[in-house]
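Student: Here it is: the structure, laid out below.
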Amino acid sequence: MMESTGPLTETDSPPVGRRRRQTKWCHLFGWLCRIIGGETELRTRQFRLGYPTPLQYTPNVIKNQKYNLITFLPCVLYQQFKFFLNLYFLVMACSQFFKDVQIGYWYTYWGPLMFVLTVTLIREGVDDFRRKKRDQEINSQKYQRITRSEPCYIPSSVIKVGDLIVVEKDQRVPADMILLRTSDRNGRCFIRTDQLDGETDWKLRLPILQDVENDRDLLRQDVSIYAERPQKDIHSFIGTLIKENRDEDSHGMEKDETGISLENTLWANCVISAGNAVGVVIYTGRETRSVMNNSMPRSKVGLIDLEINDLTKILFVAVVGLAFLMMCLKGFEGPWPRYMFRFVLLFSYIIPISLRVNMDMAKTYYSWSIQNDAKVRGTVVRSTTIPEDLGRISYLLTDKTGTLTQNEMVFRRICVGPSSWDSPIEVRPLLSEGLRGSNVESVQRKNEVSRATEAIKALAICHNVTPVTESFSDDDPEMDFGMETQVTYQASSPDEIALVKWAMDAGLSLRRRDQTSMSLSATDLGLNLHITILHIFPFTSDLKRMGIIVKEGEELTFYLKGADVVMKNVVKYNDWLDESVGNMAREGLRTLVVAKRTLDQKTYEDFERKYAQAKSSKSDRTNLMTQVMTSLEKDMELIGVTGVEDTLQPEVKETLEILRHAGLKIWMLTGDKLETAICIAKSSKLVSSQQEMFVFEERPADSDLSERAWAFAQLNAYRRRSDCPLVIKGESLEVCLESFEKEFMELACGSPAVVVCRCSPTQKAQVVTLVQEVTGKRTAAIGDGGNDVAMIQAADAGIGIEGKEGRQASLAADFSITQFSFIAPLLLIHGRYCYKRSASLAQFVMHRGLIITVMQAVFSSIFYFSSVALYQGFLMIGYATVYTMFPVFALVLDQDVKEGDLLRLPELYSELGKGRSLTYKTFFLWVLISVFQGAVIMYGSLILFQDEFIHIVSISFTSLILTELIMIALTIRNMHKIMLVAELISFLFYVGTLFLFHQFFDSNFIFSAGFIWKVCLITTLSCFPIYVGKFLRKWVAPPTYSKL
């Protein structure tokens, strides 16, 4: 946990500059490519409807590719040669073209290097080609374009600014458009903006040319459209509709300008709820709001790769130091720089090129094993370069809607005084009695019937839900006339739909609604209720309530529903509200309190007069309207409390519990409302229902403090309660990051959990980046919508869920899963295995290079410091390949802990974040082992060799191969049958070469008893002390997993 010292002061320094993680050279190549492609700057636009636009704008294509034909080779090569390991071997390989420093055959250097580069180019090319194919699937989706001839269907990628496009029900909007016309008779269009702000609530949009008779007539309108320059803000838009009308008096043309606002727009990736909508395209491609809120994909590098890169730099210093030591002992005589460089080449095996080969092959195997694991069925690995990072995650940042929840609201309970009902079947008979006006003898029964009837009527009336009737008519395909087939409900909140549907199941259904009236039907009685709508007061985050004034017959009623914190101040005294709300909240239900007030005619007329004055005010209009509405909120009759559950994804609670025990800190970043975010945080067990949460309050409008001073005060208040989970809105977050970035992030990163609501896609990515910078820890981001793409790409490990909000997040992610609960085995099992195996593999491959370098150094020092190779080229290639490759690579099958134990004991995962499997300590331990074994093998061979030099090669090389095979067996924690087979195959390969390569081995000598006992003695002396050391270490300080 990170802590800050001392309280904040208003004179704190401005936020520190943030480092940029993107590759500068790749951005340079991308910039050059965009210049060649003719990219234009963002600008305003004006065009006539139905005519081609005079200017060229960006093409309407979705692109998740990292490279193109121009940038592929430079960027991939840069990504490879920015690693010191590859750059070092490039220099070594190039040196073999010069005879004076040539050590062996050129292919012994160029072969492994070209193999590594080829594998990398193929892997990156295949990954990027897959991204291209996925992009093509989206870009090839067909949409109907209205033309002056016949309508035609075109792919999304050829849509241009000025095109008139028809978007059908459940179809995603292909580009940013202005809504011209809709098939709804009342001129309404409901959309879902899940890919922009994460909310799947239906939002109302209004067309600007609904009075046109049909779609084709839109092309005959003499109108022009002006649109502001493209920008990121999804909550605002400035445009103008310009109509040219003939002036009968002057016989000229006059312009009639009408403003176009956000309510007339359809942003790209929104969904049409019913019917169809016709819009004119104003922004395409990377100028759309959706794309502008996403960041460009970056090439991610695993933390273990960076650590290995640092170790290779140490090895390089060791090579140069060893070569310099040899020259000091030899003497700086003659062409000593050439001799020193030859020593560097001789010792270059200390940095094995096979390290990159083995690591790349291991990553490929990890990806294959993840995709074929039945526990995470359907998982796709889209980035094969960072599987080890799954085992090093410290912070998990998650979306809410569609990730933690299924975004399906289910009505669970209604409490009305002493009565409560969970099922509509229980209350249906009571409603029938109440509407029928039956005489009830029991007073208790009469009260229950009355309360139930009022509650169901309130649910059916107090809302902003619109029923949409799907119909199919051959006579009029444009409008919703014809035979009714199905009624669906649209609203700005899924909670309201759940309430209306429950009322329908209870026997009172909403059949029709327009701007001024609604019709209710009591299905059991065949009774229709006609309600006149006089005023609607929509829900806002500030008011936390919504209201409606209706007239039924001669009775005027004001219904109000909202959060309990505001409603308890407007209802009459009662003794059951707090208890009912508390019980539901503990169950994780979202509560709404419903109340009503009957108005007399005089009170209503007085209200209407004041409200009309407030609406016509030119200053402070919103506050004046709120004040007038508040005047009605007095002594209201409490009707009931409803409880709605946002259904969680399967096993979300258990998964979050496992992840918390694994040491991960979980942040929830959502575009949803504050109340909803808090409710889901509790119901999902992200925070305990008993745990107090610190809500970072917004500055009141009438506060004398500046935004910076208010943020400073809130931060100091949270500092005193930093053990509480933090809840903050996006607007407050922006103020904190502008004024107190470092201080806020240190406090937030030390919090047990953080919830950020009303968070934009750009803010999500910014938060991820700041967590990485402040903590230096690895982060994972998980989401399922287009609004999560920027966050996913900014995280060290981006995880996308393919769900109801589309495939955009899944396609842009490094790992794609089908449900949230899969993240536990993905991190705790595969993440652990990938990291542990790669750490063992990397250190063993470096040990393999170190030991042979030590032998070369001993050999050169004894034979007059000559720069002559101990082993010829083929033996060196065989040593790194067929003789030891299979057993070494078999380390990727090793398991230190069984899979079932990893999920049962998630605490084991917290140790991985410390990176103790690959540290300077473990590295230097392997260096000592290599020095010891190399010296034992080489000195033992020199002492025991007979007559000829070839005997030294036979004894030392055979002992070296056997030592490596035994060391692999000592390194493995859990022997696998494939490992045994690999060891046997490698040994047989080597035995075969003893018979075949007579130029390296004396066949008479290797069949002698002297050769066998000498090799066995040297091998035992090199391995037995290591075995004893490992045994004593496990006995004295056993690892945690060994205690299971």
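Ordering of the structure tokens sets the chain letters (A, B, ...); residue numbers start at 1 within each chain; ligands are numbered from 1 in the order shown.
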Could you give me, as an MDAnalysis selection string, each residue of region 64-184 of chain A that DSSP assigns to alpha helix (DSSP H) when run on this structure's backbone?
Tutor: chainID A and resid 72:81 84:95 107:139
Student: Would you mind listing what lies within 7 Å of Gly302 (chain A) as a ChimeraX atom specification, with only C-alpha atoms counted and same-chain residues fewer than 6 positions away left out?
Tutor: /A:385-386,388-389
Student: Residues near region 279-281 of chain A, anyone? I mean within 8 Å using only C-alpha atoms, not counting same-chain ones fewer than 6 positions away, as a list in words.
Tutor: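 Counting only the stated atoms, we get Leu49, Lys160, Val161, Gly162, Asp163, Leu164, Ile165, Val166, Val167, Ala175, Asp176, Met177, Ile178, Leu179, Leu180, Arg181 and Leu266 of chain A.
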Student: What's the 9 Å shell around region 309-315 of chain A, counting only C-alpha atoms, without same-chain residues fewer than 4 positions away, as a ChimeraX atom specification?
Tutor: /A:83-85,304-305,319-320,350-351,846,850,920,923
Student: Just to be explicit: take each residue in the selection above, keep N, CA, C and O atoms, and write the result as an mmCIF file, in the first residue's frame.
Tutor:
```
data_model
loop_
_atom_site.group_PDB
_atom_site.id
_atom_site.type_symbol
_atom_site.label_atom_id
_atom_site.label_comp_id
_atom_site.auth_asym_id
_atom_site.auth_seq_id
_atom_site.Cartn_x
_atom_site.Cartn_y
_atom_site.Cartn_z
ATOM 1 N N PHE A 83 15.834 -4.138 -28.108
ATOM 2 C CA PHE A 83 16.331 -5.048 -27.080
ATOM 3 C C PHE A 83 17.824 -5.239 -27.275
ATOM 4 O O PHE A 83 18.296 -5.561 -28.372
ATOM 5 N N PHE A 84 18.551 -5.034 -26.202
ATOM 6 C CA PHE A 84 20.000 -5.106 -26.271
ATOM 7 C C PHE A 84 20.474 -6.468 -26.767
ATOM 8 O O PHE A 84 21.464 -6.572 -27.485
ATOM 9 N N LEU A 85 19.764 -7.527 -26.389
ATOM 10 C CA LEU A 85 20.149 -8.888 -26.766
ATOM 11 C C LEU A 85 20.254 -9.031 -28.280
ATOM 12 O O LEU A 85 21.265 -9.497 -28.814
ATOM 13 N N ILE A 304 8.784 -9.403 -18.032
ATOM 14 C CA ILE A 304 9.891 -10.362 -17.968
ATOM 15 C C ILE A 304 10.873 -10.145 -19.118
ATOM 16 O O ILE A 304 12.077 -10.355 -18.967
ATOM 17 N N ASP A 305 10.376 -9.676 -20.266
ATOM 18 C CA ASP A 305 11.269 -9.355 -21.383
ATOM 19 C C ASP A 305 12.166 -8.175 -21.035
ATOM 20 O O ASP A 305 13.347 -8.146 -21.405
ATOM 21 N N VAL A 319 31.140 -10.026 -20.459
ATOM 22 C CA VAL A 319 31.903 -10.438 -21.640
ATOM 23 C C VAL A 319 33.068 -9.488 -21.883
ATOM 24 O O VAL A 319 34.222 -9.908 -22.084
ATOM 25 N N VAL A 320 32.779 -8.193 -21.891
ATOM 26 C CA VAL A 320 33.831 -7.198 -22.136
ATOM 27 C C VAL A 320 34.870 -7.244 -21.018
ATOM 28 O O VAL A 320 36.091 -7.168 -21.270
ATOM 29 N N ILE A 350 28.023 -16.275 -23.860
ATOM 30 C CA ILE A 350 27.484 -15.969 -22.541
ATOM 31 C C ILE A 350 26.112 -15.309 -22.663
ATOM 32 O O ILE A 350 25.296 -15.342 -21.740
ATOM 33 N N ILE A 351 25.859 -14.680 -23.839
ATOM 34 C CA ILE A 351 24.541 -14.114 -24.141
ATOM 35 C C ILE A 351 23.946 -14.960 -25.266
ATOM 36 O O ILE A 351 24.165 -14.694 -26.443
ATOM 37 N N MET A 846 20.401 -18.977 -19.976
ATOM 38 C CA MET A 846 21.583 -18.150 -19.678
ATOM 39 C C MET A 846 22.654 -18.989 -18.977
ATOM 40 O O MET A 846 23.851 -18.809 -19.231
ATOM 41 N N LEU A 850 26.499 -19.447 -20.012
ATOM 42 C CA LEU A 850 27.532 -19.081 -19.038
ATOM 43 C C LEU A 850 28.529 -20.212 -18.825
ATOM 44 O O LEU A 850 29.744 -19.988 -18.773
ATOM 45 N N TYR A 920 17.892 -10.270 -9.525
ATOM 46 C CA TYR A 920 19.352 -10.254 -9.558
ATOM 47 C C TYR A 920 19.922 -11.331 -8.639
ATOM 48 O O TYR A 920 20.978 -11.916 -8.916
ATOM 49 N N PHE A 923 19.586 -14.621 -10.436
ATOM 50 C CA PHE A 923 20.488 -14.587 -11.591
ATOM 51 C C PHE A 923 21.934 -14.850 -11.171
ATOM 52 O O PHE A 923 22.629 -15.684 -11.768
#
```
Student: From the set A:Phe81, A:Phe98, A:Phe815, A:Trp110, which residue has the shortest atom-to-atom contact distance to Arg342 (chain A), counting only C-alpha atoms?
Tutor: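 Between A:Phe81, A:Phe98, A:Phe815, A:Trp110, the residue approaching Arg342 (chain A) most closely is A:Phe98.
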Student: If you count only C-alpha atoms, which residues fall within 12 Å of Leu965 (chain A), apart from same-chain ones fewer than 6 positions away, as JSON, numbers by chain?
Tutor: {"A": [844, 848, 879, 883, 884, 885, 886, 887, 888, 889, 890, 891, 958, 959, 971, 972, 979, 980, 981, 982, 983, 984, 985, 986, 987, 988, 990, 1019, 1023]}
Student: Write to file, as a JSON list (two decimals), in the first residue's frame, the residues of the selection just made, with N, CA, C and O atoms.
Tutor:
```json
[["chain", "number", "residue", "atom", "x", "y", "z"],
["A", 844, "PHE", "N", 17.81, -20.78, -17.15],
["A", 844, "PHE", "CA", 18.54, -21.99, -17.53],
["A", 844, "PHE", "C", 19.25, -21.80, -18.86],
["A", 844, "PHE", "O", 20.37, -22.29, -19.06],
["A", 848, "ARG", "N", 23.17, -22.09, -19.52],
["A", 848, "ARG", "CA", 23.75, -22.91, -20.58],
["A", 848, "ARG", "C", 24.84, -22.14, -21.34],
["A", 848, "ARG", "O", 25.85, -22.71, -21.74],
["A", 879, "TYR", "N", 25.06, -28.01, -29.41],
["A", 879, "TYR", "CA", 24.91, -27.81, -27.97],
["A", 879, "TYR", "C", 23.66, -26.98, -27.65],
["A", 879, "TYR", "O", 22.95, -27.25, -26.68],
["A", 883, "TYR", "N", 21.13, -31.19, -28.82],
["A", 883, "TYR", "CA", 21.63, -31.87, -27.63],
["A", 883, "TYR", "C", 20.88, -31.48, -26.35],
["A", 883, "TYR", "O", 20.75, -32.30, -25.43],
["A", 884, "THR", "N", 20.42, -30.24, -26.28],
["A", 884, "THR", "CA", 19.78, -29.78, -25.04],
["A", 884, "THR", "C", 18.47, -29.04, -25.26],
["A", 884, "THR", "O", 17.79, -28.68, -24.28],
["A", 885, "MET", "N", 18.09, -28.78, -26.52],
["A", 885, "MET", "CA", 16.93, -27.92, -26.79],
["A", 885, "MET", "C", 15.64, -28.52, -26.25],
["A", 885, "MET", "O", 14.85, -27.84, -25.58],
["A", 886, "PHE", "N", 15.40, -29.79, -26.52],
["A", 886, "PHE", "CA", 14.13, -30.40, -26.13],
["A", 886, "PHE", "C", 13.93, -30.46, -24.62],
["A", 886, "PHE", "O", 12.87, -30.09, -24.11],
["A", 887, "PRO", "N", 14.91, -30.91, -23.86],
["A", 887, "PRO", "CA", 14.71, -30.90, -22.40],
["A", 887, "PRO", "C", 14.56, -29.49, -21.82],
["A", 887, "PRO", "O", 13.75, -29.27, -20.91],
["A", 888, "VAL", "N", 15.35, -28.55, -22.35],
["A", 888, "VAL", "CA", 15.25, -27.18, -21.85],
["A", 888, "VAL", "C", 13.86, -26.62, -22.14],
["A", 888, "VAL", "O", 13.22, -26.01, -21.27],
["A", 889, "PHE", "N", 13.38, -26.82, -23.35],
["A", 889, "PHE", "CA", 12.07, -26.29, -23.70],
["A", 889, "PHE", "C", 10.96, -27.02, -22.93],
["A", 889, "PHE", "O", 9.87, -26.47, -22.73],
["A", 890, "ALA", "N", 11.23, -28.24, -22.49],
["A", 890, "ALA", "CA", 10.24, -28.98, -21.72],
["A", 890, "ALA", "C", 9.96, -28.32, -20.37],
["A", 890, "ALA", "O", 9.00, -28.69, -19.69],
["A", 891, "LEU", "N", 10.76, -27.32, -20.00],
["A", 891, "LEU", "CA", 10.49, -26.58, -18.78],
["A", 891, "LEU", "C", 9.15, -25.86, -18.85],
["A", 891, "LEU", "O", 8.58, -25.50, -17.81],
["A", 958, "THR", "N", 31.23, -34.20, -23.44],
["A", 958, "THR", "CA", 30.29, -35.22, -22.96],
["A", 958, "THR", "C", 29.85, -34.91, -21.53],
["A", 958, "THR", "O", 28.66, -35.02, -21.19],
["A", 959, "SER", "N", 30.79, -34.51, -20.69],
["A", 959, "SER", "CA", 30.43, -34.13, -19.32],
["A", 959, "SER", "C", 29.51, -32.93, -19.30],
["A", 959, "SER", "O", 28.58, -32.85, -18.48],
["A", 971, "THR", "N", 16.10, -28.93, -11.91],
["A", 971, "THR", "CA", 15.34, -27.67, -11.95],
["A", 971, "THR", "C", 13.84, -27.93, -11.96],
["A", 971, "THR", "O", 13.06, -27.16, -11.38],
["A", 972, "ILE", "N", 13.41, -28.99, -12.62],
["A", 972, "ILE", "CA", 11.98, -29.28, -12.74],
["A", 972, "ILE", "C", 11.38, -29.62, -11.38],
["A", 972, "ILE", "O", 11.96, -30.39, -10.61],
["A", 979, "MET", "N", 8.82, -34.64, -20.50],
["A", 979, "MET", "CA", 10.17, -34.25, -20.11],
["A", 979, "MET", "C", 11.13, -35.44, -20.14],
["A", 979, "MET", "O", 12.28, -35.31, -20.59],
["A", 980, "LEU", "N", 10.65, -36.57, -19.64],
["A", 980, "LEU", "CA", 11.49, -37.78, -19.66],
["A", 980, "LEU", "C", 11.81, -38.19, -21.09],
["A", 980, "LEU", "O", 12.96, -38.55, -21.41],
["A", 981, "VAL", "N", 10.81, -38.11, -21.96],
["A", 981, "VAL", "CA", 11.04, -38.45, -23.36],
["A", 981, "VAL", "C", 12.04, -37.48, -23.99],
["A", 981, "VAL", "O", 12.92, -37.88, -24.76],
["A", 982, "ALA", "N", 11.92, -36.18, -23.66],
["A", 982, "ALA", "CA", 12.84, -35.18, -24.22],
["A", 982, "ALA", "C", 14.27, -35.44, -23.75],
["A", 982, "ALA", "O", 15.23, -35.32, -24.53],
["A", 983, "GLU", "N", 14.44, -35.78, -22.49],
["A", 983, "GLU", "CA", 15.77, -36.10, -21.98],
["A", 983, "GLU", "C", 16.36, -37.30, -22.70],
["A", 983, "GLU", "O", 17.53, -37.31, -23.09],
["A", 984, "LEU", "N", 15.55, -38.33, -22.89],
["A", 984, "LEU", "CA", 16.02, -39.54, -23.55],
["A", 984, "LEU", "C", 16.39, -39.27, -25.01],
["A", 984, "LEU", "O", 17.44, -39.73, -25.50],
["A", 985, "ILE", "N", 15.55, -38.52, -25.71],
["A", 985, "ILE", "CA", 15.83, -38.22, -27.12],
["A", 985, "ILE", "C", 17.13, -37.42, -27.25],
["A", 985, "ILE", "O", 17.97, -37.70, -28.12],
["A", 986, "SER", "N", 17.33, -36.42, -26.40],
["A", 986, "SER", "CA", 18.54, -35.61, -26.47],
["A", 986, "SER", "C", 19.78, -36.46, -26.19],
["A", 986, "SER", "O", 20.82, -36.31, -26.87],
["A", 987, "PHE", "N", 19.69, -37.35, -25.21],
["A", 987, "PHE", "CA", 20.82, -38.21, -24.90],
["A", 987, "PHE", "C", 21.15, -39.14, -26.07],
["A", 987, "PHE", "O", 22.32, -39.33, -26.44],
["A", 988, "LEU", "N", 20.12, -39.70, -26.69],
["A", 988, "LEU", "CA", 20.34, -40.58, -27.85],
["A", 988, "LEU", "C", 20.92, -39.81, -29.03],
["A", 988, "LEU", "O", 21.75, -40.34, -29.78],
["A", 990, "TYR", "N", 22.91, -37.30, -28.84],
["A", 990, "TYR", "CA", 24.33, -37.08, -28.58],
["A", 990, "TYR", "C", 25.13, -38.37, -28.74],
["A", 990, "TYR", "O", 26.23, -38.37, -29.30],
["A", 1019, "THR", "N", 31.12, -35.44, -14.12],
["A", 1019, "THR", "CA", 29.70, -35.07, -14.07],
["A", 1019, "THR", "C", 29.18, -35.10, -12.64],
["A", 1019, "THR", "O", 28.43, -34.22, -12.21],
["A", 1023, "CYS", "N", 27.61, -31.89, -10.46],
["A", 1023, "CYS", "CA", 26.17, -31.88, -10.16],
["A", 1023, "CYS", "C", 25.82, -32.20, -8.71],
["A", 1023, "CYS", "O", 24.84, -31.65, -8.18]]
```
